[in-house]
Amino acid sequence: MTTTQRKWAELKDRLKKVPLSLWIVSVLFLIYTLLLIFPLLFALNSALKNGDMDYLENLNRITTHPRFMNFIEAFTQLEISGVTFGEMFLNSIWFSVGTTFFNIFSSMCLAYGVAKYKFRGRNFIYNLVLVVMVFPMFGTMAAKYKLFSVLHFIDSPLIILAYAGAYNAQFLILYAFFKNIDWAYAEAAFMDGANHFTVFFRIMIPMALPSIAALAVTGFITSWNNYEEVLLYLPNMPTLSTGLYVFSTKMMYMADRPLYYAGMLISLVPVFAVYLALQSTVIRVTVEGGVKE
């Protein structure tokens, strides 16, 4: 028996020992993976079509003459109310980065204070976060719009300050993390002359970086895909998600669908880049529940 035949026989023996339940689970996950990949492949194939007519006539066929110029033209032809694709891309960058930073930082500060310091009203703040999370987001939009109008946040980059609210799920995750960090680290720093700000910024935050990074990735993706609030609060400063949403509503009348799919794929690049860069951190924190042992 040759080496190849021996290895093949060993592989068949191992496969026979695999439980039937594991085979079923593997097949289900394979089907689920294919269902997730198919929309991306369909969008890529559609983005390479030669015009809207080619898209309609060969919807279910693989493109034989791909037109890569659609990705270049997406930067110039996709525009909403005079705002170009490039400007919408920049709006998405500062909006996503800004809202993610203020959201995570405010949640981090409140979670650390409630978890590590004993003061009157600490339990009230924790319970208030739980109560606020129950209220639907869309039910408060009218009041928020009125408040933002008074503060001159509408159609202004200052809108990112409105996301500095710590009453969200990020607070609960960071609270659980800080709660399980031994206070002995802070006591040792106090003995060396450190103050409370030094302990927070130079000891506690570095220890919480895995959880913070995971929350930042998910927060960035959420803000990048947020078109409802941008459509309401930044009508003249649309982001890519808003622009693609408005453009998709025009497709039913007259539009270049391959161009639309090209723009959509371009808008996914930053999201994929951020996730691929920090995917190990996101998966590890998700499995561990965001709590450091």
# chains A, B, ... in the order shown; residues from 1 in each chain; ligands from 1

call {"tool": "residues_around", "arguments": {"residues": "segment 243-249 of chain A", "least_positions_apart": "2", "cutoff": "8 Å", "atoms": "only C-alpha atoms", "output": "list in words"}}
result
Leu78, Glu79, Ile80, Met88, Tyr227, Pro238, Thr239, Leu240, Ser241, Met251, Met252, Tyr260, Gly263 and Met264 of chain A

call {"tool": "select_by_dssp", "arguments": {"residues": "segment 22-262 of chain A", "states": "alpha helix (DSSP H)", "output": "JSON, numbers by chain"}}
result
{"A": [22, 23, 24, 25, 26, 27, 28, 29, 30, 31, 32, 33, 34, 35, 36, 37, 38, 39, 40, 41, 42, 43, 44, 45, 46, 47, 51, 52, 53, 54, 55, 56, 57, 69, 70, 71, 72, 73, 74, 75, 76, 77, 85, 86, 87, 88, 89, 90, 91, 92, 93, 94, 95, 96, 97, 98, 99, 100, 101, 102, 103, 104, 105, 106, 107, 108, 109, 110, 111, 112, 113, 114, 115, 116, 122, 123, 124, 125, 126, 127, 128, 129, 130, 131, 132, 133, 134, 141, 142, 143, 144, 145, 146, 147, 148, 149, 150, 169, 170, 171, 172, 173, 174, 175, 176, 177, 178, 179, 184, 185, 186, 187, 188, 189, 190, 191, 196, 197, 198, 199, 205, 206, 207, 209, 210, 211, 212, 213, 214, 215, 216, 217, 218, 219, 220, 221, 222, 223, 224, 228, 229, 230, 231, 232, 233, 240, 241, 242, 243, 244, 245, 246, 247, 248, 249, 250, 257, 258, 259, 260, 261, 262]}

call {"tool": "closest_residue", "arguments": {"among": "A:Phe105, A:Ala277, A:Leu265, A:Phe124", "to": "Ser46 of chain A", "atoms": "only C-alpha atoms"}}
result
A:Leu265

call {"tool": "closest_residue", "arguments": {"among": "A:Asn236, A:Ser149, A:Thr3, A:Asn70", "to": "Pro258 of chain A", "atoms": "only C-alpha atoms"}}
result
A:Asn70

call {"tool": "atom_distance", "arguments": {"atom1": "atom CA of Phe102 of chain A", "atom2": "atom CA of Ala169 of chain A"}}
result
14.4 Å

call {"tool": "closest_residue", "arguments": {"among": "A:Thr100, A:Tyr185, A:Val129, A:Ile212", "to": "Tyr167 of chain A", "atoms": "only C-alpha atoms"}}
result
A:Val129

call {"tool": "closest_residue", "arguments": {"among": "A:Cys109, A:Ala115, A:Leu11, A:Leu30", "to": "Asn180 of chain A", "atoms": "only C-alpha atoms"}}
result
A:Ala115

call {"tool": "residues_around", "arguments": {"residues": "Phe220 of chain A", "least_positions_apart": "3", "cutoff": "10 Å", "atoms": "only C-alpha atoms", "output": "list in words"}}
result
Ile93, Phe95, Ser96, Val97, Gly98, Thr99, Thr100, Phe101, Ala214, Leu215, Ala216, Val217, Ser223, Trp224, Asn225, Asn226, Pro270, Val271, Val274 and Tyr275 of chain A

call {"tool": "closest_residue", "arguments": {"among": "A:Phe75, A:Phe138, A:Tyr175, A:Phe190", "to": "Leu90 of chain A", "atoms": "only C-alpha atoms"}}
result
A:Phe75

call {"tool": "atom_distance", "arguments": {"atom1": "atom CA of Ala189 of chain A", "atom2": "atom CA of Ile203 of chain A"}}
result
8.6 Å

call {"tool": "closest_residue", "arguments": {"among": "A:His196, A:Arg14, A:Lys116, A:Arg61", "to": "Phe178 of chain A", "atoms": "only C-alpha atoms"}}
result
A:Lys116

call {"tool": "residues_around", "arguments": {"residues": "Lys179 of chain A", "least_positions_apart": "4", "cutoff": "10 Å", "atoms": "only C-alpha atoms", "output": "count of residues only"}}
result
11

call {"tool": "atom_distance", "arguments": {"atom1": "atom CA of Ala164 of chain A", "atom2": "atom CA of Ser267 of chain A"}}
result
25.2 Å
